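Here is final-v3.pdb, consisting of PDB, C-alpha atoms and all ligand atoms:
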```
ATOM      1  CA  MET G   1      26.303  -6.989  -2.217
ATOM      2  CA  ALA G   2      22.513  -6.701  -1.874
ATOM      3  CA  ALA G   3      21.187  -3.317  -0.709
ATOM      4  CA  LYS G   4      20.313  -3.002   2.968
ATOM      5  CA  LEU G   5      16.585  -3.233   3.728
ATOM      6  CA  ARG G   6      14.959  -0.936   6.279
ATOM      7  CA  LEU G   7      11.254  -1.175   7.011
ATOM      8  CA  VAL G   8       9.498   1.898   8.370
ATOM      9  CA  SER G   9       6.764   0.708  10.687
ATOM     10  CA  PHE G  10       4.036   1.718  13.092
ATOM     11  CA  LYS G  11       3.643  -0.977  15.738
ATOM     12  CA  LEU G  12      -0.108  -1.429  15.245
ATOM     13  CA  CYS G  13      -0.282  -1.231  11.456
ATOM     14  CA  PRO G  14      -1.638  -4.417   9.844
ATOM     15  CA  PHE G  15      -0.222  -3.445   6.460
ATOM     16  CA  VAL G  16       3.309  -3.230   7.860
ATOM     17  CA  GLN G  17       2.718  -6.567   9.531
ATOM     18  CA  ARG G  18       2.150  -8.179   6.142
ATOM     19  CA  SER G  19       5.682  -7.233   5.131
ATOM     20  CA  VAL G  20       7.194  -8.321   8.441
ATOM     21  CA  ILE G  21       5.615 -11.759   7.993
ATOM     22  CA  THR G  22       7.177 -12.079   4.543
ATOM     23  CA  LEU G  23      10.577 -10.905   5.831
ATOM     24  CA  GLU G  24      10.437 -13.294   8.777
ATOM     25  CA  HIS G  25       9.086 -16.246   6.823
ATOM     26  CA  LYS G  26      11.770 -15.897   4.162
ATOM     27  CA  GLY G  27      14.541 -15.241   6.685
ATOM     28  CA  ILE G  28      15.499 -11.956   5.025
ATOM     29  CA  ASP G  29      17.913  -9.665   6.843
ATOM     30  CA  TYR G  30      16.297  -6.281   7.646
ATOM     31  CA  GLU G  31      16.180  -3.405  10.062
ATOM     32  CA  ILE G  32      12.992  -1.895  11.376
ATOM     33  CA  ASP G  33      12.285   1.706  12.400
ATOM     34  CA  TYR G  34       9.158   2.393  14.416
ATOM     35  CA  ILE G  35       7.494   5.773  14.090
ATOM     36  CA  ASP G  36       4.521   7.251  15.892
ATOM     37  CA  LEU G  37       1.901   7.816  13.219
ATOM     38  CA  MET G  38       0.126  10.321  15.484
ATOM     39  CA  ASP G  39       3.304  12.410  15.537
ATOM     40  CA  PRO G  40       5.495  11.332  12.642
ATOM     41  CA  PRO G  41       9.014  12.693  12.222
ATOM     42  CA  ALA G  42       9.663  15.238   9.459
ATOM     43  CA  TRP G  43      11.857  12.809   7.497
ATOM     44  CA  PHE G  44       8.876  10.444   7.176
ATOM     45  CA  HIS G  45       6.812  13.031   5.266
ATOM     46  CA  GLU G  46       9.786  13.743   3.060
ATOM     47  CA  ILE G  47      10.176  10.140   1.946
ATOM     48  CA  SER G  48       6.601   8.732   2.120
ATOM     49  CA  PRO G  49       4.657   9.643  -1.038
ATOM     50  CA  LEU G  50       1.270   8.880   0.564
ATOM     51  CA  GLY G  51       2.204   9.691   4.168
ATOM     52  CA  LYS G  52       1.619   6.029   5.054
ATOM     53  CA  VAL G  53       3.520   3.058   6.393
ATOM     54  CA  PRO G  54       4.893   0.615   5.439
ATOM     55  CA  LEU G  55       7.889   1.975   3.595
ATOM     56  CA  LEU G  56      10.717  -0.263   2.552
ATOM     57  CA  CYS G  57      13.993   1.589   2.092
ATOM     58  CA  VAL G  58      16.143  -0.369  -0.309
ATOM     59  CA  GLY G  59      19.499   1.377  -0.221
ATOM     60  CA  ASP G  60      18.517   4.937  -1.141
ATOM     61  CA  GLN G  61      15.227   4.018  -2.873
ATOM     62  CA  VAL G  62      11.877   4.016  -1.076
ATOM     63  CA  LEU G  63       9.176   1.487  -1.861
ATOM     64  CA  PHE G  64       5.631   1.996  -0.610
ATOM     65  CA  GLU G  65       2.354  -0.005  -0.547
ATOM     66  CA  SER G  66       2.446  -3.295   1.329
ATOM     67  CA  ALA G  67       1.389  -5.503  -1.593
ATOM     68  CA  VAL G  68       4.145  -4.029  -3.773
ATOM     69  CA  ILE G  69       6.720  -4.350  -0.996
ATOM     70  CA  ASN G  70       5.720  -7.972  -0.461
ATOM     71  CA  GLU G  71       6.047  -8.827  -4.135
ATOM     72  CA  TYR G  72       9.488  -7.214  -4.225
ATOM     73  CA  LEU G  73      10.637  -9.121  -1.136
ATOM     74  CA  ASP G  74       9.265 -12.296  -2.646
ATOM     75  CA  GLU G  75      10.975 -11.790  -5.995
ATOM     76  CA  ILE G  76      14.421 -11.151  -4.537
ATOM     77  CA  THR G  77      14.273 -14.350  -2.460
ATOM     78  CA  PRO G  78      13.118 -17.303  -4.573
ATOM     79  CA  PRO G  79      11.281 -19.643  -4.424
ATOM     80  CA  SER G  80       8.221 -17.462  -4.791
ATOM     81  CA  LEU G  81       5.259 -17.373  -2.436
ATOM     82  CA  HIS G  82       3.076 -16.692  -5.499
ATOM     83  CA  PRO G  83       1.821 -19.465  -7.824
ATOM     84  CA  ALA G  84       3.580 -19.675 -11.188
ATOM     85  CA  ASP G  85       0.424 -19.894 -13.308
ATOM     86  CA  PRO G  86      -0.555 -16.343 -14.446
ATOM     87  CA  LEU G  87      -4.283 -16.753 -13.800
ATOM     88  CA  GLU G  88      -3.750 -18.330 -10.400
ATOM     89  CA  LYS G  89      -1.289 -15.577  -9.522
ATOM     90  CA  ALA G  90      -3.776 -12.924 -10.621
ATOM     91  CA  MET G  91      -6.438 -14.578  -8.454
ATOM     92  CA  HIS G  92      -4.078 -14.475  -5.489
ATOM     93  CA  ARG G  93      -3.474 -10.774  -6.091
ATOM     94  CA  ALA G  94      -7.218 -10.178  -6.333
ATOM     95  CA  TRP G  95      -7.903 -11.890  -2.996
ATOM     96  CA  ILE G  96      -5.047  -9.962  -1.400
ATOM     97  CA  GLU G  97      -6.798  -6.786  -2.505
ATOM     98  CA  PHE G  98     -10.049  -8.115  -1.035
ATOM     99  CA  SER G  99      -8.358  -8.193   2.383
ATOM    100  CA  SER G 100      -7.686  -4.445   2.247
ATOM    101  CA  ASP G 101     -11.433  -3.815   2.472
ATOM    102  CA  LEU G 102     -11.627  -6.037   5.535
ATOM    103  CA  PHE G 103      -8.892  -4.019   7.243
ATOM    104  CA  MET G 104     -10.646  -0.749   6.510
ATOM    105  CA  ALA G 105     -13.965  -2.082   7.824
ATOM    106  CA  GLN G 106     -12.199  -3.474  10.903
ATOM    107  CA  PHE G 107     -10.586  -0.087  11.582
ATOM    108  CA  ARG G 108     -13.892   1.757  11.169
ATOM    109  CA  MET G 109     -15.658  -0.744  13.415
ATOM    110  CA  MET G 110     -13.018  -0.358  16.126
ATOM    111  CA  THR G 111     -13.025   3.442  16.109
ATOM    112  CA  THR G 112     -16.641   4.463  15.594
ATOM    113  CA  LYS G 113     -18.714   6.060  18.311
ATOM    114  CA  SER G 114     -21.945   5.346  16.446
ATOM    115  CA  ARG G 115     -23.862   2.130  17.058
ATOM    116  CA  GLU G 116     -25.356   2.323  13.575
ATOM    117  CA  GLU G 117     -21.935   2.627  11.943
ATOM    118  CA  PHE G 118     -20.611  -0.173  14.143
ATOM    119  CA  ASP G 119     -23.436  -2.498  13.021
ATOM    120  CA  LYS G 120     -22.851  -1.550   9.392
ATOM    121  CA  GLN G 121     -19.120  -2.335   9.519
ATOM    122  CA  ARG G 122     -19.673  -5.509  11.503
ATOM    123  CA  SER G 123     -22.128  -6.863   8.965
ATOM    124  CA  GLN G 124     -19.866  -5.793   6.084
ATOM    125  CA  ILE G 125     -17.008  -7.778   7.645
ATOM    126  CA  ARG G 126     -19.231 -10.782   8.206
ATOM    127  CA  SER G 127     -20.548 -10.840   4.646
ATOM    128  CA  ASN G 128     -17.022 -10.468   3.226
ATOM    129  CA  LEU G 129     -15.923 -13.379   5.415
ATOM    130  CA  GLU G 130     -18.826 -15.527   4.204
ATOM    131  CA  ARG G 131     -17.647 -14.930   0.650
ATOM    132  CA  LEU G 132     -14.026 -15.645   1.572
ATOM    133  CA  GLU G 133     -15.103 -18.935   3.153
ATOM    134  CA  THR G 134     -16.070 -20.213  -0.302
ATOM    135  CA  VAL G 135     -12.649 -19.590  -1.899
ATOM    136  CA  VAL G 136     -10.271 -20.929   0.752
ATOM    137  CA  LYS G 137      -8.791 -24.288  -0.283
ATOM    138  CA  PRO G 138      -8.389 -27.242   2.110
ATOM    139  CA  GLY G 139      -5.612 -25.942   4.359
ATOM    140  CA  PRO G 140      -3.734 -25.461   6.385
ATOM    141  CA  TYR G 141      -2.973 -22.351   4.323
ATOM    142  CA  TYR G 142      -4.936 -20.406   1.734
ATOM    143  CA  ALA G 143      -3.692 -22.458  -1.186
ATOM    144  CA  GLY G 144      -2.858 -25.701   0.610
ATOM    145  CA  GLU G 145       0.342 -26.905   2.265
ATOM    146  CA  ALA G 146       2.576 -23.927   1.583
ATOM    147  CA  LEU G 147       2.303 -20.378   2.862
ATOM    148  CA  SER G 148       1.559 -17.867   0.094
ATOM    149  CA  LEU G 149       1.443 -14.071  -0.074
ATOM    150  CA  VAL G 150      -2.324 -14.341   0.451
ATOM    151  CA  ASP G 151      -1.599 -15.782   3.887
ATOM    152  CA  THR G 152       0.755 -12.930   4.737
ATOM    153  CA  ALA G 153      -1.987 -10.483   3.753
ATOM    154  CA  TYR G 154      -4.744 -12.013   5.914
ATOM    155  CA  ALA G 155      -2.812 -13.077   9.014
ATOM    156  CA  PRO G 156      -2.877  -9.559  10.549
ATOM    157  CA  PHE G 157      -6.664  -9.470  10.112
ATOM    158  CA  PHE G 158      -7.215 -12.825  11.823
ATOM    159  CA  MET G 159      -4.809 -11.840  14.616
ATOM    160  CA  ARG G 160      -6.944  -8.780  15.350
ATOM    161  CA  VAL G 161     -10.193 -10.762  15.134
ATOM    162  CA  ASP G 162      -8.774 -13.222  17.660
ATOM    163  CA  LEU G 163      -7.593 -10.481  20.014
ATOM    164  CA  VAL G 164     -10.948  -8.697  19.928
ATOM    165  CA  GLN G 165     -13.089 -11.825  20.140
ATOM    166  CA  ARG G 166     -11.208 -13.083  23.218
ATOM    167  CA  ARG G 167     -12.595  -9.967  24.879
ATOM    168  CA  HIS G 168     -15.919  -9.569  23.138
ATOM    169  CA  PRO G 169     -17.202 -12.303  20.781
ATOM    170  CA  LEU G 170     -18.665 -10.871  17.591
ATOM    171  CA  GLY G 171     -19.323 -14.180  15.849
ATOM    172  CA  PHE G 172     -17.130 -13.378  12.852
ATOM    173  CA  LEU G 173     -15.983 -16.959  12.235
ATOM    174  CA  ASP G 174     -19.071 -18.765  13.511
ATOM    175  CA  GLY G 175     -20.212 -21.445  11.057
ATOM    176  CA  LEU G 176     -17.217 -20.789   8.761
ATOM    177  CA  PRO G 177     -15.043 -23.902   9.268
ATOM    178  CA  ASN G 178     -12.567 -23.154   6.470
ATOM    179  CA  LEU G 179     -11.798 -19.746   7.905
ATOM    180  CA  GLN G 180     -11.591 -21.102  11.459
ATOM    181  CA  ALA G 181      -8.981 -23.651  10.348
ATOM    182  CA  TRP G 182      -7.121 -21.100   8.251
ATOM    183  CA  SER G 183      -7.034 -18.580  11.080
ATOM    184  CA  ALA G 184      -5.733 -21.219  13.530
ATOM    185  CA  ALA G 185      -2.979 -22.226  11.085
ATOM    186  CA  LEU G 186      -1.924 -18.614  10.560
ATOM    187  CA  LEU G 187      -1.905 -17.764  14.256
ATOM    188  CA  GLY G 188       0.246 -20.854  14.890
ATOM    189  CA  THR G 189       2.820 -19.905  12.245
ATOM    190  CA  PRO G 190       6.164 -18.751  13.718
ATOM    191  CA  ALA G 191       6.653 -15.907  11.213
ATOM    192  CA  VAL G 192       3.196 -14.573  12.114
ATOM    193  CA  GLN G 193       3.902 -14.839  15.835
ATOM    194  CA  ARG G 194       7.167 -12.941  15.377
ATOM    195  CA  SER G 195       5.546 -10.238  13.254
ATOM    196  CA  VAL G 196       4.334  -8.022  16.099
ATOM    197  CA  VAL G 197       6.075  -6.455  19.082
ATOM    198  CA  SER G 198       5.851  -8.359  22.372
ATOM    199  CA  ASP G 199       3.421  -5.841  23.922
ATOM    200  CA  PHE G 200       1.210  -5.715  20.827
ATOM    201  CA  GLU G 201      -2.008  -6.677  22.656
ATOM    202  CA  ASP G 202      -1.524  -3.997  25.333
ATOM    203  CA  LEU G 203      -0.767  -1.372  22.708
ATOM    204  CA  TYR G 204      -3.835  -2.407  20.721
ATOM    205  CA  VAL G 205      -6.102  -2.158  23.754
ATOM    206  CA  GLN G 206      -4.614   1.255  24.624
ATOM    207  CA  ARG G 207      -5.138   2.515  21.069
ATOM    208  CA  TYR G 208      -8.658   1.155  20.526
ATOM    209  CA  GLY G 209      -9.911   1.039  24.106
ATOM    210  CA  ALA G 210     -11.373   4.543  24.274
ATOM    211  CA  GLU G 211     -14.420   4.779  26.521
ATOM    212  CA  ASP G 212     -16.453   6.785  24.006
ATOM    213  CA  THR G 213     -16.312   4.275  21.134
ATOM    214  CA  VAL G 214     -18.688   1.327  20.751
ATOM    215  CA  MET G 215     -15.938  -1.286  21.047
ATOM    216  CA  GLY G 216     -13.511   0.533  23.351
ATOM    217  CA  PRO G 217     -15.023  -0.348  26.754
ATOM    218  CA  ARG G 218     -15.408  -3.985  25.692
ATOM    219  CA  LEU G 219     -11.703  -4.419  25.016
ATOM    220  CA  HIS G 220     -10.363  -4.106  28.521
ATOM    221  CA  THR G 221     -11.271  -7.519  29.880
ATOM    222  CA  GLU G 222     -10.672 -10.917  28.336
ATOM    223  CA  ALA G 223     -13.687 -13.227  28.432
ATOM    224  CA  ALA G 224     -13.232 -16.069  30.950
TER     225      ALA G 224
HETATM  226  N1  LIG R 301      -2.672   0.543   0.958
HETATM  227  C1  LIG R 301      -1.650   0.807   1.945
HETATM  228  C2  LIG R 301      -2.320   1.124   3.265
HETATM  229  C3  LIG R 301      -1.310   1.550   4.334
HETATM  230  C4  LIG R 301      -1.985   2.294   5.480
HETATM  231  O1  LIG R 301      -3.172   2.638   5.419
HETATM  232  N2  LIG R 301      -1.215   2.530   6.531
HETATM  233  C5  LIG R 301      -1.744   3.307   7.642
HETATM  234  C6  LIG R 301      -1.340   2.711   8.986
HETATM  235  S1  LIG R 301      -2.059   1.137   9.262
HETATM  236  C7  LIG R 301      -1.131   4.700   7.588
HETATM  237  O2  LIG R 301       0.051   4.842   7.388
HETATM  238  N3  LIG R 301      -1.940   5.720   7.802
HETATM  239  C8  LIG R 301      -1.464   7.064   7.919
HETATM  240  C9  LIG R 301      -2.401   8.028   7.289
HETATM  241  O3  LIG R 301      -3.315   7.604   6.555
HETATM  242  O4  LIG R 301      -2.213   9.221   7.527
HETATM  243  C10 LIG R 301      -0.723  -0.403   2.049
HETATM  244  O5  LIG R 301      -1.188  -1.521   1.809
HETATM  245  O6  LIG R 301       0.462  -0.218   2.341
END
```

In structure tokens, write the structure found in this file.
Amino acid sequence: MAAKLRLVSFKLCPFVQRSVITLEHKGIDYEIDYIDLMDPPAWFHEISPLGKVPLLCVGDQVLFESAVINEYLDEITPPSLHPADPLEKAMHRAWIEFSSDLFMAQFRMMTTKSREEFDKQRSQIRSNLERLETVVKPGPYYAGEALSLVDTAYAPFFMRVDLVQRRHPLGFLDGLPNLQAWSAALLGTPAVQRSVVSDFEDLYVQRYGAEDTVMGPRLHTEAA
């Protein structure tokens, strides 16, 4: 019998969300444990080599790093969400890594109290998106008709862009039609919709809505 899978999660973590999308999309049986990253339980530090989520407990073994977890989940449940051709697969992995930078810039932009830092992160995100626009294939997904691991990696980013821009437009996707279409396809995908808790938006606004950050006060009201 296959080992039981248990994902250790923090409800707002985009990296965990990547793995949940893969689990949901592939219909894999799993359990999920939510921890509070601000006050993690002792057992978490004992089993998490980097002190980060996601962790995937596979029986008594602990996998870490979302890209690694996703590849494992993908390999144990064929057919693969990666292309078969080695160069194409390597390119997919490279563009998955590119998304990690976007998440870090997004986090810094959402938490900074400095206008200068905010502008720097915002323009970094925008220039990364302009580059990404040139590599996305005709959709609906990153590589065409079928969802790939690249899609699972970016969906959490586009979900957060959508949430923020419904409250305060930042022009991230303006004039980038490939990314607009890709984002819409991802946000309409059932596995993506099921990949966050039902009160995700409220939790996000609570977490990033601090009055003393640049973005915080702008998060509380949705634009009409
Ligand atoms: N490269 C890691 C990044 C994971 C990560 O940064 N997780 C954050 C939450 S979104 C975390 O656990 N942070 C805790 C910390 O850094 O102390 C991955 O892809 O899994």

List the residues matched by the PyMOL selection byres (((not hetatm)) within 9 of (chain R and resi 301)) in the displayed structure as a PyMOL selection string, ordered by chain and then by residue number.
-> chain G and resi 9-16+18+37-38+50-55+64-69+97+100+103-104+107

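Listed by chain and then by number, the residues chosen by the PyMOL selection byres (((chain G and resi 194-199) around 7) and not hetatm) in this file are Lys11, Gln17, Val20, Ile21, Pro190, Ala191, Val192, Gln193, Phe200, Glu201, Asp202 and Leu203 of chain G.
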
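Here the question is which of G:Leu219, G:Ala90, G:Leu147, G:Leu176 gets nearest to Arg131 in chain G using all atoms listed in the file, and that residue is G:Leu176.
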
Picked residues, the PyMOL selection byres (((chain G and resi 124-129) around 12) and not hetatm), expected as a compact mmCIF listing (two decimals) with C-alpha atoms, keeping the file's coordinate frame:
```
# COMPACT_ATOMS: atom_id res chain seq x y z
CA TRP G 95 -7.90 -11.89 -3.00
CA PHE G 98 -10.05 -8.12 -1.03
CA SER G 99 -8.36 -8.19 2.38
CA SER G 100 -7.69 -4.44 2.25
CA ASP G 101 -11.43 -3.82 2.47
CA LEU G 102 -11.63 -6.04 5.54
CA PHE G 103 -8.89 -4.02 7.24
CA MET G 104 -10.65 -0.75 6.51
CA ALA G 105 -13.96 -2.08 7.82
CA GLN G 106 -12.20 -3.47 10.90
CA PHE G 107 -10.59 -0.09 11.58
CA ARG G 108 -13.89 1.76 11.17
CA MET G 109 -15.66 -0.74 13.42
CA MET G 110 -13.02 -0.36 16.13
CA GLU G 117 -21.94 2.63 11.94
CA PHE G 118 -20.61 -0.17 14.14
CA ASP G 119 -23.44 -2.50 13.02
CA LYS G 120 -22.85 -1.55 9.39
CA GLN G 121 -19.12 -2.34 9.52
CA ARG G 122 -19.67 -5.51 11.50
CA SER G 123 -22.13 -6.86 8.96
CA GLU G 130 -18.83 -15.53 4.20
CA ARG G 131 -17.65 -14.93 0.65
CA LEU G 132 -14.03 -15.64 1.57
CA GLU G 133 -15.10 -18.93 3.15
CA THR G 134 -16.07 -20.21 -0.30
CA VAL G 135 -12.65 -19.59 -1.90
CA VAL G 136 -10.27 -20.93 0.75
CA TYR G 154 -4.74 -12.01 5.91
CA PHE G 157 -6.66 -9.47 10.11
CA PHE G 158 -7.22 -12.82 11.82
CA VAL G 161 -10.19 -10.76 15.13
CA LEU G 170 -18.66 -10.87 17.59
CA GLY G 171 -19.32 -14.18 15.85
CA PHE G 172 -17.13 -13.38 12.85
CA LEU G 173 -15.98 -16.96 12.24
CA ASP G 174 -19.07 -18.76 13.51
CA GLY G 175 -20.21 -21.44 11.06
CA LEU G 176 -17.22 -20.79 8.76
CA PRO G 177 -15.04 -23.90 9.27
CA ASN G 178 -12.57 -23.15 6.47
CA LEU G 179 -11.80 -19.75 7.90
CA GLN G 180 -11.59 -21.10 11.46
CA SER G 183 -7.03 -18.58 11.08
```

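You will find CA of Trp182 in chain G at 20.3 Å from CA of Asn70 in chain G.
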
Range 185-203 of chain G, all listed atoms, 8 Å padding on each side: what axis-aligned box centre and edge lengths in Å to one decimal come out, as lines of an AutoDock Vina configuration file?
```
center_x = 2.1
center_y = -11.8
center_z = 17.9
size_x = 26.1
size_y = 36.9
size_z = 30.8
```

d(CA of Tyr141 in chain G, CA of Arg93 in chain G) in Å | 15.6 Å
